[in-house]
Number of protein chains: 2
Amino acid sequence: MIGKNGKQSHLAVHKPQHLERGARIGVVAPAGNVEPERLQAGVEAMRAEGFEVELAANLFASNGYLAGNPKQRADDLVAFFRRADIGAIFCARGGFGSVQLLPYLSSELREYPKIFVGYSDITVLLNWLRQFCGMVTFHAPMVAMDIARGLNPRSKAYLWQVLTGELREWKVALGEIIRPGRVEAEMIGGCLSLLVTTLGTPYEIDMQGKILFLEDVGEKPYRVERMLTQLKMAGKLDHVAGVLFGDFTNCEGDGPRDIRQIVVDLLGDATYPVVMGMNAGHGRENLALPFGARTALDGNASTLELLESPVA
Amino acid sequence: MIGKNGKQSHLAVHKPQHLERGARIGVVAPAGNVEPERLQAGVEAMRAEGFEVELAANLFASNGYLAGNPKQRADDLVAFFRRADIGAIFCARGGFGSVQLLPYLSSELREYPKIFVGYSDITVLLNWLRQFCGMVTFHAPMVAMDIARGLNPRSKAYLWQVLTGELREWKVALGEIIRPGRVEAEMIGGCLSLLVTTLGTPYEIDMQGKILFLEDVGEKPYRVERMLTQLKMAGKLDHVAGVLFGDFTNCEGDGPRDIRQIVVDLLGDATYPVVMGMNAGHGRENLALPFGARTALDGNASTLELLESPVA
C-alpha cells in the first residue's frame with residue numbers, strides 16, 4: 001500500500017541506462033488522443049536522429065479527447081517498460097488523462113528503470129515514477145508536439161545528448177531572481193495545474209527538499225494565483241529547497257497583476273532561492289529537465305546547473 | 001485550531017434571522033474587483049425590492065483583478081457580520097480571491113449568524129461558514145452580476161421570498177437521472193473548480209453525508225473530468241448522500257465526450273442518487289440554494305425539494 005506521506009520519494013534513485021544511437025524508442029499516449037499526421041512528423045524526426053521507433057499497440061485508440069480507456073493506456077506503458085529491447089519511452093502528447101492510469105500502475109515498474117520522456121499532463125507520471133518507483137524521469141519534448149514541430153537547436157542538442165550520455169553536465173542562464181541563495185538538490189514538478197490535481201489524493205507529490213519546477217499554459221493569472229495559493233495553503237511550499245519558474249505560455253491577463261507580481265506576492269519572502277525564466281515547458285524552447293538527478297539552482301548568479309548525468 | 005477532519009461541519013446549524021422588507025443589506029467584494037456601474041445597477045434592483053443597501057468600506061479597492069488586499073476584504077466581511085443593523089451580506093461578484101480571506105477569518109463569526117449570499121469564487125466562503133461556523137449560507141445571485149443583469153422571475157421570487165421567510169418550502173424539476181434513489185440531507189458544494197482548490201489544505205470541504213451540488217463556467221470537458229477525478233481520487237465522492245449537477249455554462253468541448261458522458265463514466269455506478277439539470281450556477285436562471293437546510297434530492301422523480309425554511 002502506497003501511503004500519502006511521500007516517503008517513497010526517498011527511494012534510492014534508479015538511473016535509467018543511457019540511450020544508444022540506433023536503439024528502439026517506444027511511443028505511448030497516456031493522455032490525449034493523437035493525430036496520425038502530427039505523430040508521423042515527430043517519428044520521422046526521431047528516426048533522423050538515428051533511432052528506431054515503435055508505436056504502442058493502442059496509440060491511436062480514441063475515447064473523445066482521450067487516447068482510449070485508462071486500462072489500454074496503462075497496458076501500453078507497462079508493456080514498454082517490461083520490454084528489454086525498448087531503450088526509452090516517449091509520450092506522444094499531453095492533454096488530459098495521465099492521472100487515470102495511476103490505479104492501473106504498481107511500483108513493479110521500479111524493476112524496469114527506463115528513460116521516460118514527457119511534460120504537461122505527463123507531469124503526473126513523471127513525478128509518480130520518481131516518487132513511487134525511484135526512477136529518474138525527463139520533463140522534455142513530446143513526439144507529436146515539439147518534436148513534430150521541430151526542436152530548436154539547443155533543445156534538440158540537450159535532449160539527445162543528455163539521453164545518450166554524451167552531455168553529462170550543463171549550465172544555463174535563467175531570468176529574474178525573486179529570492180537569492182544557492183541550493184543543490186534534485187528537481188521535481190512540471191505543469192502547475194497537474195501538480196495541484198494530486199493534492200488530497202494518495203498520489204500527492206512530495207516536494208520536501210526538492211527544487212520545485214513550475215510551468216503552465218493557457219491559464220490566466222488569477223488561475224495561476226489560485227493554484228499557487230493552493231500549493232502554499234497545503235504546506236507544499238514550506239519545505240522545498242527552491243522554486244524555479246519556467247514558461248507560462250499564453251498566461252497573460254488584461255491588467256497589471258501578472259505572473260511575476262503573483263510570484264513576488266506569494267514567494268517574495270521565501271527562505272530559499274526563487275528564480276524565474278527557465279526555458280522549459282510550453283514555450284518555443286523546451287530544455288529537457290531530469291527529475292531525480294542532482295541539479296543546482298543558483299539564485300545569486302541566476303543559473304541552473306545539471307551536476308550529474310541522469311543516465312547510467 | 002481548526003482540524004482537517006471536517007468534524008466542524010457537524011456543528012449545530014445556526015439559521016440566520018429572516019430578512020425584513022426595509023432591512024439593510026451590506027455588500028462586500030471578497031474576490032474580484034468591482035465595476036461601479038455594474039454594482040450600481042444591482043444596488044438599484046435591490047432597493048427596488050424595498051431594501052436599504054450599504055457598500056463595504058473597501059468595496060472599490062483594487063489590486064489588479066483583486067478587490068484590494070486580503071485583509072481589506074476580510075475586514076469588510078467581519079465588520080458587516082458584527083453589525084446588528086445589517087440584515088444580510090451579499091457579495092458583489094466572484095472572480096478570484098475568497099480563499100485568501102480564510103487566514104484572516106476565525107470561527108468567532110459563528111456568534112453572528114447572518115444571511116450570506118454568493119456563488120462562484122464565493123463557494124469557498126459559503127462552505128467555510130457552514131463547516132467551520134455552523135452557519136446556513138446561500139448559493140445565490142450576486143449584486144454586480146445576476147442582480148445587475150436582472151433576475152428572471154423565478155430566480156427573483158425564490159431568492160427574496162426564501163430570504164424573507166415568505167417561501168418556506170419549494171420543489172423544482174431537475175433534468176436527467178444518472179443514478180436513482182431519494183435522499184434527505186443538507187446541501188453543500190458550489191463551483192467545482194473552487195471546491196478542488198481546498199483539497200489538501202486545512203480548509204478541505206467535508207462532503208460526508210451531504211448532497212453535493214456542483215456547477216462551473218468556462219471549463220472545457222477535460223478540465224471538468226480532471227477536477228471530478230481529483231474529488232473522486234481524494235475519496236470525497238465515497239460518502240456523499242447524493243450529487244446534484246447544476247449548470248456547466250460554456251463548458252462545451254469539440255468532440256463527443258461532454259459533461260454528461262464524464263458524469264456517466266465517473267458516477268454511473270454510484271450507490272446514491274446522481275441527477276443533472278438543476279437551474280443554478282452561472283446560467284440564465286440561478287435558483288437560490290441554501291447550504292445547511294434540509295433538502296431532498298429525488299433521483300426517481302428528478303426533483304429537488306427544500307424541506308424547511310433556511311431562515312429563522
# chains A, B, ... in the order shown; residues from 1 in each chain; ligands from 1

$ residues_around --residues "region 108-113 of chain B" --least-positions-apart "6" --cutoff "6 Å" --atoms "only C-alpha atoms" --output "PDB file with all heavy atoms, in the first residue's frame"
ATOM      1  N   PRO B  16     -29.832  31.818  10.105  1.00  0.00           N
ATOM      2  CA  PRO B  16     -29.846  33.271  10.272  1.00  0.00           C
ATOM      3  C   PRO B  16     -31.282  33.783  10.379  1.00  0.00           C
ATOM      4  O   PRO B  16     -32.214  33.120   9.927  1.00  0.00           O
ATOM      5  CB  PRO B  16     -29.190  33.776   8.982  1.00  0.00           C
ATOM      6  CG  PRO B  16     -29.393  32.686   7.988  1.00  0.00           C
ATOM      7  CD  PRO B  16     -29.468  31.396   8.747  1.00  0.00           C
ATOM      8  N   PHE B  81     -20.587  41.301   9.478  1.00  0.00           N
ATOM      9  CA  PHE B  81     -21.131  40.217  10.316  1.00  0.00           C
ATOM     10  C   PHE B  81     -21.385  40.724  11.737  1.00  0.00           C
ATOM     11  O   PHE B  81     -22.381  40.389  12.361  1.00  0.00           O
ATOM     12  CB  PHE B  81     -20.194  38.997  10.333  1.00  0.00           C
ATOM     13  CG  PHE B  81     -20.553  37.955   9.313  1.00  0.00           C
ATOM     14  CD1 PHE B  81     -19.737  37.728   8.203  1.00  0.00           C
ATOM     15  CD2 PHE B  81     -21.715  37.196   9.441  1.00  0.00           C
ATOM     16  CE1 PHE B  81     -20.075  36.772   7.258  1.00  0.00           C
ATOM     17  CE2 PHE B  81     -22.047  36.234   8.499  1.00  0.00           C
ATOM     18  CZ  PHE B  81     -21.229  36.024   7.400  1.00  0.00           C
ATOM     19  N   CYS B 133     -18.286  27.470  10.951  1.00  0.00           N
ATOM     20  CA  CYS B 133     -19.087  28.359  11.815  1.00  0.00           C
ATOM     21  C   CYS B 133     -20.521  27.869  11.975  1.00  0.00           C
ATOM     22  O   CYS B 133     -21.317  28.527  12.641  1.00  0.00           O
ATOM     23  CB  CYS B 133     -19.095  29.783  11.249  1.00  0.00           C
ATOM     24  SG  CYS B 133     -17.459  30.509  11.129  1.00  0.00           S
ATOM     25  N   MET B 135     -22.996  27.906  10.049  1.00  0.00           N
ATOM     26  CA  MET B 135     -23.997  28.856   9.540  1.00  0.00           C
ATOM     27  C   MET B 135     -24.649  28.354   8.252  1.00  0.00           C
ATOM     28  O   MET B 135     -23.961  27.849   7.372  1.00  0.00           O
ATOM     29  CB  MET B 135     -23.272  30.168   9.249  1.00  0.00           C
ATOM     30  CG  MET B 135     -24.091  31.407   9.492  1.00  0.00           C
ATOM     31  SD  MET B 135     -23.078  32.889   9.159  1.00  0.00           S
ATOM     32  CE  MET B 135     -21.905  32.870  10.524  1.00  0.00           C
TER      33      MET B 135
END

$ residues_around --residues "Gly246 (chain B)" --least-positions-apart "6" --cutoff "10 Å" --atoms "only C-alpha atoms" --output "PyMOL selection string"
chain B and resi 174-175+190-191+213-216+275-283+286-287

$ write_last_selection --atoms "N, CA and C atoms" --output "PDB file, in the first residue's frame"
ATOM      1  N   LEU B 174     -35.843  18.684 -11.995  1.00  0.00           N
ATOM      2  CA  LEU B 174     -34.451  18.649 -12.449  1.00  0.00           C
ATOM      3  C   LEU B 174     -34.404  18.102 -13.875  1.00  0.00           C
ATOM      4  N   GLY B 175     -33.236  17.615 -14.298  1.00  0.00           N
ATOM      5  CA  GLY B 175     -33.100  17.078 -15.655  1.00  0.00           C
ATOM      6  C   GLY B 175     -32.884  15.581 -15.627  1.00  0.00           C
ATOM      7  N   GLY B 190     -20.968  23.827  -4.725  1.00  0.00           N
ATOM      8  CA  GLY B 190     -20.861  25.063  -5.489  1.00  0.00           C
ATOM      9  C   GLY B 190     -19.985  24.867  -6.701  1.00  0.00           C
ATOM     10  N   CYS B 191     -19.126  25.839  -6.938  1.00  0.00           N
ATOM     11  CA  CYS B 191     -18.305  25.829  -8.149  1.00  0.00           C
ATOM     12  C   CYS B 191     -17.184  24.787  -8.007  1.00  0.00           C
ATOM     13  N   PHE B 213     -23.696  19.668  -4.414  1.00  0.00           N
ATOM     14  CA  PHE B 213     -24.102  20.414  -5.603  1.00  0.00           C
ATOM     15  C   PHE B 213     -22.858  20.887  -6.350  1.00  0.00           C
ATOM     16  N   LEU B 214     -22.841  20.710  -7.663  1.00  0.00           N
ATOM     17  CA  LEU B 214     -21.676  21.093  -8.472  1.00  0.00           C
ATOM     18  C   LEU B 214     -22.100  21.868  -9.714  1.00  0.00           C
ATOM     19  N   GLU B 215     -21.389  22.927  -9.999  1.00  0.00           N
ATOM     20  CA  GLU B 215     -21.591  23.683 -11.242  1.00  0.00           C
ATOM     21  C   GLU B 215     -20.246  24.300 -11.611  1.00  0.00           C
ATOM     22  N   ASP B 216     -20.154  24.834 -12.828  1.00  0.00           N
ATOM     23  CA  ASP B 216     -18.930  25.561 -13.196  1.00  0.00           C
ATOM     24  C   ASP B 216     -19.182  26.369 -14.462  1.00  0.00           C
ATOM     25  N   VAL B 275     -28.161  13.336 -10.131  1.00  0.00           N
ATOM     26  CA  VAL B 275     -29.107  13.948 -11.063  1.00  0.00           C
ATOM     27  C   VAL B 275     -28.488  15.199 -11.671  1.00  0.00           C
ATOM     28  N   MET B 276     -28.749  15.416 -12.936  1.00  0.00           N
ATOM     29  CA  MET B 276     -28.256  16.605 -13.625  1.00  0.00           C
ATOM     30  C   MET B 276     -29.410  17.575 -13.885  1.00  0.00           C
ATOM     31  N   GLY B 277     -29.066  18.832 -14.168  1.00  0.00           N
ATOM     32  CA  GLY B 277     -30.051  19.764 -14.691  1.00  0.00           C
ATOM     33  C   GLY B 277     -30.699  20.703 -13.701  1.00  0.00           C
ATOM     34  N   MET B 278     -30.043  20.940 -12.555  1.00  0.00           N
ATOM     35  CA  MET B 278     -30.548  21.967 -11.641  1.00  0.00           C
ATOM     36  C   MET B 278     -30.247  23.344 -12.238  1.00  0.00           C
ATOM     37  N   ASN B 279     -31.225  24.228 -12.277  1.00  0.00           N
ATOM     38  CA  ASN B 279     -31.011  25.568 -12.831  1.00  0.00           C
ATOM     39  C   ASN B 279     -30.358  26.475 -11.785  1.00  0.00           C
ATOM     40  N   ALA B 280     -29.111  26.223 -11.529  1.00  0.00           N
ATOM     41  CA  ALA B 280     -28.371  27.031 -10.559  1.00  0.00           C
ATOM     42  C   ALA B 280     -26.921  27.105 -11.005  1.00  0.00           C
ATOM     43  N   GLY B 281     -26.305  28.229 -10.754  1.00  0.00           N
ATOM     44  CA  GLY B 281     -24.912  28.422 -11.121  1.00  0.00           C
ATOM     45  C   GLY B 281     -24.754  29.622 -12.026  1.00  0.00           C
ATOM     46  N   HIS B 282     -23.953  29.442 -13.099  1.00  0.00           N
ATOM     47  CA  HIS B 282     -23.633  30.568 -13.974  1.00  0.00           C
ATOM     48  C   HIS B 282     -24.584  30.693 -15.158  1.00  0.00           C
ATOM     49  N   GLY B 283     -25.726  30.002 -15.125  1.00  0.00           N
ATOM     50  CA  GLY B 283     -26.653  30.074 -16.256  1.00  0.00           C
ATOM     51  C   GLY B 283     -27.603  31.258 -16.147  1.00  0.00           C
ATOM     52  N   ASN B 286     -30.778  31.259 -11.990  1.00  0.00           N
ATOM     53  CA  ASN B 286     -29.867  30.909 -10.900  1.00  0.00           C
ATOM     54  C   ASN B 286     -30.676  30.840  -9.608  1.00  0.00           C
ATOM     55  N   LEU B 287     -31.269  29.667  -9.379  1.00  0.00           N
ATOM     56  CA  LEU B 287     -32.136  29.490  -8.207  1.00  0.00           C
ATOM     57  C   LEU B 287     -31.308  29.438  -6.932  1.00  0.00           C
TER      58      LEU B 287
END

$ interface_residues --of "chain A" --to "chain B" --cutoff "7 Å" --atoms "only C-alpha atoms" --output "VMD selection string"
chain A and resid 64 to 65 96 197 to 201 222 230 233 to 234 255 to 257

$ select_by_dssp --residues "region 25-207 of chain A" --states "strand (DSSP E or B)" --output "MDAnalysis selection string"
chainID A and resid 25:28 32 52:55 63 66 88:91 115:118 135 137:139 170:173 177:179 182:191

$ closest_residue --among "A:Gln17, A:Thr123, A:Gln208, A:Gln72" --to "Tyr104 (chain A)" --atoms "only C-alpha atoms"
A:Gln72

$ atom_distance --atom1 "CA of Phe291 (chain A)" --atom2 "CA of Arg47 (chain A)"
25.5 Å

$ residues_around --residues "Glu184 (chain B)" --least-positions-apart "3" --cutoff "9 Å" --atoms "only C-alpha atoms" --output "PyMOL selection string"
chain B and resi 210-211+241+294-298+307

$ decode --residues "region 281-295 of chain B" --atoms "N, CA and C atoms" --output "tab-separated table (two decimals), in the first residue's frame"
chain	number	residue	atom	x	y	z
B	281	GLY	N	-26.31	28.23	-10.75
B	281	GLY	CA	-24.91	28.42	-11.12
B	281	GLY	C	-24.75	29.62	-12.03
B	282	HIS	N	-23.95	29.44	-13.10
B	282	HIS	CA	-23.63	30.57	-13.97
B	282	HIS	C	-24.58	30.69	-15.16
B	283	GLY	N	-25.73	30.00	-15.12
B	283	GLY	CA	-26.65	30.07	-16.26
B	283	GLY	C	-27.60	31.26	-16.15
B	284	ARG	N	-28.57	31.30	-17.07
B	284	ARG	CA	-29.50	32.43	-17.12
B	284	ARG	C	-30.42	32.43	-15.90
B	285	GLU	N	-30.84	31.24	-15.48
B	285	GLU	CA	-31.62	31.14	-14.25
B	285	GLU	C	-30.67	30.67	-13.14
B	286	ASN	N	-30.78	31.26	-11.99
B	286	ASN	CA	-29.87	30.91	-10.90
B	286	ASN	C	-30.68	30.84	-9.61
B	287	LEU	N	-31.27	29.67	-9.38
B	287	LEU	CA	-32.14	29.49	-8.21
B	287	LEU	C	-31.31	29.44	-6.93
B	288	ALA	N	-31.73	30.17	-5.93
B	288	ALA	CA	-31.01	30.22	-4.66
B	288	ALA	C	-31.02	28.86	-3.97
B	289	LEU	N	-29.85	28.37	-3.59
B	289	LEU	CA	-29.73	27.09	-2.89
B	289	LEU	C	-29.22	27.32	-1.48
B	290	PRO	N	-29.99	26.97	-0.47
B	290	PRO	CA	-29.47	27.12	0.89
B	290	PRO	C	-28.57	25.93	1.24
B	291	PHE	N	-27.38	26.22	1.76
B	291	PHE	CA	-26.47	25.17	2.23
B	291	PHE	C	-26.67	25.06	3.74
B	292	GLY	N	-27.08	23.89	4.20
B	292	GLY	CA	-27.26	23.70	5.64
B	292	GLY	C	-28.72	23.45	6.01
B	293	ALA	N	-29.63	23.74	5.10
B	293	ALA	CA	-31.05	23.46	5.35
B	293	ALA	C	-31.39	22.08	4.78
B	294	ARG	N	-32.41	21.44	5.32
B	294	ARG	CA	-32.76	20.10	4.89
B	294	ARG	C	-33.41	20.15	3.51
B	295	THR	N	-32.85	19.34	2.60
B	295	THR	CA	-33.38	19.26	1.24
B	295	THR	C	-33.53	17.80	0.87
